[in-house]
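Student: The structure under discussion is supplied below as structure tokens; questions concerning it will follow.
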Amino acid sequence: SFLLLSAPQQYVLIHSTPTHNPAHDCASFIQVTDRVQGYYERFPPKSFNVAIEERPRPGHPAAKVVVLTQDVAAGETIYKEYPIVTALDPDVQSAGTHCTHCFRTIQPNLSLVLPLDADPLHSRFCSQACLVANKAQSHTILFSQDSPIPEELSIPIPIPEESKQARREAQDKYVAYLKKEGRTAPLLAARFIARQLAAETIKVAGGGKTRKLPGVENDYTDTDDTEYVLADHLERLKALDLDSVQPDEEELTLLVEVLKAGFPGLDEFVNDERYALMIAKMRFNSYGVCFDGGRDDRPVPTVPVEEMERTRTPHGTSRQIGSALYTLSSYLPHSCIPSARVSFTSGTTEIHVVANRDLKKGDEVTVAWVDVAQRVGSGESIVECRRRRRFELVRGWKFACGCQRCEDEAKVGEEKVKEVKKEGEEEDKTIGAINSVPIPKVDGELQTASEEAEPVEASSAIAEQPDSTEVQPPVVDEEVTQAGIIQA
């Protein structure tokens with residue numbers, strides 16, 4: 001029921017009904033089936049000039065991808081999109097140099113701030129619109145002392161001071177954890193949950209009708225109608241393998257305490273399995289937001305390289321200022337020769353998908369999830385560039401790229417191996433020829449270099465050296481082994 005009905009409210013309403021009418025149940029099932037099958041007929045909106053289709057992937061099962069519904073010229077913007085949720089990198093959030101909501105660069109003395117006793121996250125906003133939207137979407141539930149219940153439903157009962165204090169302590173502990181961990185996925189997940197709660201309370205206040213959050217102007221890409229909710233979008237997104245995503249137990253405990261302080265009893269709807277799945281989807285689909293090529297002062301993660309959090313960005317995760325999750329752009333597959341590129345030329349989290357070359361109707365829209373440019377300036381070879389890209393993809397998203405560029409460059413690597421092998425064989429022949437040349441003995445007799453020579457006592461000042469012609473065992477690249485790929 002939770003998977004099909006999209007909202008806990010519907011689950012509660014159905015199962016609290018005293019009697020069930022079989023005809024009504026049948027009609028409800030048909031409605032649910034239509035919702036599931038009709039989603040991609042309504043999403044994305046026709047105005048975006050793209051559609052989602054299922055197509056085969058090189059070396060992988062068929063997957064849903066974004067295709068054009070009209071021709072696009074090189075350099076033309078295919079579509080623009082606002083995110084569902086965002087999260088600044090913790091160090092950027094603490095610095096106060098960017099808007100907490102839209103990531104716009106701001107001057108600290110010109111920003112809008114909330115009172116410190118009402119905002120443990122120390123948020124800053126570039127405008128009143130961003131402040132209002134952020135509060136409506138998630139801030140009120142997660143980081144404020146305001147009531148999360150809409151005014152239409154609020155009960156005029158004063159909140160005890162001890163309840164306020166407990167809520168603030170829970171928020172302080174959660175913010176301290178986020179700063180310590182230095183990751184964005186936990187905050188993305190928390191804000192997504194808060195958005196769901198805010199939308200449900202607004203829906204209840206509207207008598208069961210879906211309503212937009214007040215004060216939110218530029219919001220995420222939704223369907224052409226209001227029949228679907230956030231859960232419908234998230235449910236259809238891919239996720240990392242749950243075996244590779246194991247949220248810290250402390251992380252969920254702290255979040256639940258924050259939510260319970262605003263919504264008593266909410267812990268029944270946020271369990272380990274659901275939270276792990278949400279984190280897995282945030283980590284697989286989130287984009288790294290970079291302006292003008294990104295920054296170069298991001299703190300180096302202290303966790304092992306295999307556990308590092310990665311986001312989709314052609315500049316590399318190390319250059320982002322924060323992360324954002326999008327409904328439509330989550331369907332854009334990776335390619336090392338992408339047909340389009342993502343940019344943030346507006347200076348905000350609004351993502352622009354721009355064509356790299358002339359594209360025709362029906363062409364697939366692909367982007368680069370990692371830095372795919374060959375670093376010629378640092379002496380990086382074609383083979384090394386391919387190896388770096390594929391390492392990043394395996395470590396971040398657990399798949400091996402099968403694009404045409406990777407296939408073509410694999411042949412270059414094979415030729416290189418053959419060339420090295422041939423050089424080795426020629427060297428062996430040369431050494432063999434030298435060993436077969438007769439050399440005079442001290443007594444005038446001849447012997448070849450390959451014959452056993454008289455043992456010579458080595459000087460104590462000279463270390464014994466291995467035979468240069470001895471075949472040494474191959475060295476297996478530790479990084480390759482850790483990534484699960486063995487390459488020649």
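In the structure tokens, each chain is lettered A, B, ... as it comes, each chain's residues begin at 1, and ligands are numbered from 1 in order of appearance.
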At most 8 Å is the cut-off: for each residue in range 302-395 of chain A with any atom that close to an atom of range 99-113 of chain A, write down the nearest atom pair and the distance in Å rounded to one decimal, counting only C-alpha atoms, chain first then increasing number, as JSON lines.

Tutor:
```
{"residue": "A:Gly322", "atom": "CA", "partner": "A:Phe103", "partner_atom": "CA", "distance": 7.9}
{"residue": "A:Gly347", "atom": "CA", "partner": "A:Arg104", "partner_atom": "CA", "distance": 5.7}
{"residue": "A:Thr348", "atom": "CA", "partner": "A:Arg104", "partner_atom": "CA", "distance": 5.0}
{"residue": "A:Thr349", "atom": "CA", "partner": "A:Cys102", "partner_atom": "CA", "distance": 5.4}
{"residue": "A:Glu350", "atom": "CA", "partner": "A:Cys102", "partner_atom": "CA", "distance": 7.9}
```

Student: Once you have the residues from the selection above, write them out as a PDB file, in the first residue's frame, restricted to N, CA and C atoms.

Tutor:
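Written out: out32.pdb:
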```pdb
ATOM      1  N   GLY A 322      27.693  22.438  -3.516  1.00  0.00           N
ATOM      2  CA  GLY A 322      26.542  21.789  -2.906  1.00  0.00           C
ATOM      3  C   GLY A 322      25.914  20.795  -3.862  1.00  0.00           C
ATOM      4  N   GLY A 347      23.631  31.214 -12.105  1.00  0.00           N
ATOM      5  CA  GLY A 347      24.223  31.484 -10.801  1.00  0.00           C
ATOM      6  C   GLY A 347      23.406  30.948  -9.652  1.00  0.00           C
ATOM      7  N   THR A 348      22.467  30.031  -9.974  1.00  0.00           N
ATOM      8  CA  THR A 348      21.626  29.406  -8.955  1.00  0.00           C
ATOM      9  C   THR A 348      21.575  27.899  -9.206  1.00  0.00           C
ATOM     10  N   THR A 349      20.727  27.205  -8.466  1.00  0.00           N
ATOM     11  CA  THR A 349      20.577  25.761  -8.642  1.00  0.00           C
ATOM     12  C   THR A 349      19.701  25.402  -9.834  1.00  0.00           C
ATOM     13  N   GLU A 350      19.216  26.387 -10.574  1.00  0.00           N
ATOM     14  CA  GLU A 350      18.467  26.099 -11.789  1.00  0.00           C
ATOM     15  C   GLU A 350      19.420  25.454 -12.799  1.00  0.00           C
TER      16      GLU A 350
END
```

Student: Using only C-alpha atoms, which residues sit within 9 Å of Cys401 in chain A once same-chain residues fewer than 5 positions away are excluded, as JSON, numbers by chain?

Tutor: {"A": [58, 59, 334, 335, 336, 389, 390, 393, 394, 406, 407]}

Student: Generate the output file for the selected residues, C-alpha atoms, as a tab-separated table (two decimals), in the first residue's frame.

Tutor:
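The resulting file, result-v2.tsv, is reproduced below:
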```tsv
chain	number	residue	atom	x	y	z
A	58	PRO	CA	25.36	-0.86	-24.27
A	59	GLY	CA	26.28	-3.79	-22.08
A	334	HIS	CA	26.06	9.12	-18.46
A	335	SER	CA	28.19	9.11	-21.59
A	336	CYS	CA	31.88	9.90	-22.09
A	389	ARG	CA	36.75	7.94	-15.77
A	390	ARG	CA	35.78	4.33	-15.30
A	393	LEU	CA	31.89	5.66	-12.30
A	394	VAL	CA	32.47	2.32	-10.60
A	406	CYS	CA	35.18	3.67	-23.92
A	407	GLU	CA	34.92	0.87	-26.47
```

Student: Under the rule that only C-alpha atoms are counted, which of A:Val300, A:Cys130, A:Leu114, A:Leu359 is the nearest residue to Ser144 in chain A?

Tutor: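 Checking each candidate against Ser144 in chain A, we get A:Leu114 as the closest.
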
Student: Between CA of Val289 in chain A and CA of Leu255 in chain A, what is the spacing in Å?

Tutor: 24.7 Å

Student: I'd like to know which of A:Lys260, A:Arg283, A:Arg35, A:Arg124 is closest to Leu187 in chain A, using only C-alpha atoms.

Tutor: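 Among the listed residues, A:Arg283 lies closest to Leu187 in chain A.
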
Student: Would you mind listing what lies within 6 Å of range 310-315 of chain A as a PyMOL selection string, with only C-alpha atoms counted and same-chain residues fewer than 6 positions away left out?

Tutor: chain A and resi 286-288+368-371+396

Student: For the interface of range 319-430 of chain A with range 214-238 of chain A (cut-off 9 Å, counting only C-alpha atoms), please tabulate each contacting residue of range 319-430 of chain A alongside its nearest pair of atoms and their separation in Å to one decimal, rows sorted by chain and increasing number, as JSON lines.

Tutor:
```
{"residue": "A:Tyr326", "atom": "CA", "partner": "A:Tyr220", "partner_atom": "CA", "distance": 6.9}
{"residue": "A:Thr327", "atom": "CA", "partner": "A:Thr221", "partner_atom": "CA", "distance": 6.1}
{"residue": "A:Leu328", "atom": "CA", "partner": "A:Thr221", "partner_atom": "CA", "distance": 6.7}
{"residue": "A:Ser330", "atom": "CA", "partner": "A:Leu237", "partner_atom": "CA", "distance": 7.2}
{"residue": "A:Tyr331", "atom": "CA", "partner": "A:Leu237", "partner_atom": "CA", "distance": 7.6}
```

Student: Could you find all residues in range 168-347 of chain A that DSSP calls alpha helix (DSSP H) from the backbone, and write them as a ChimeraX atom specification?

Tutor: /A:168-181,185-205,230-235,249-262,272-285

Student: How many Å lie between CA of Thr345 in chain A and CA of Asp292 in chain A, rounded to one decimal?

Tutor: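 For CA of Thr345 in chain A relative to CA of Asp292 in chain A, the distance reads 8.1 Å.
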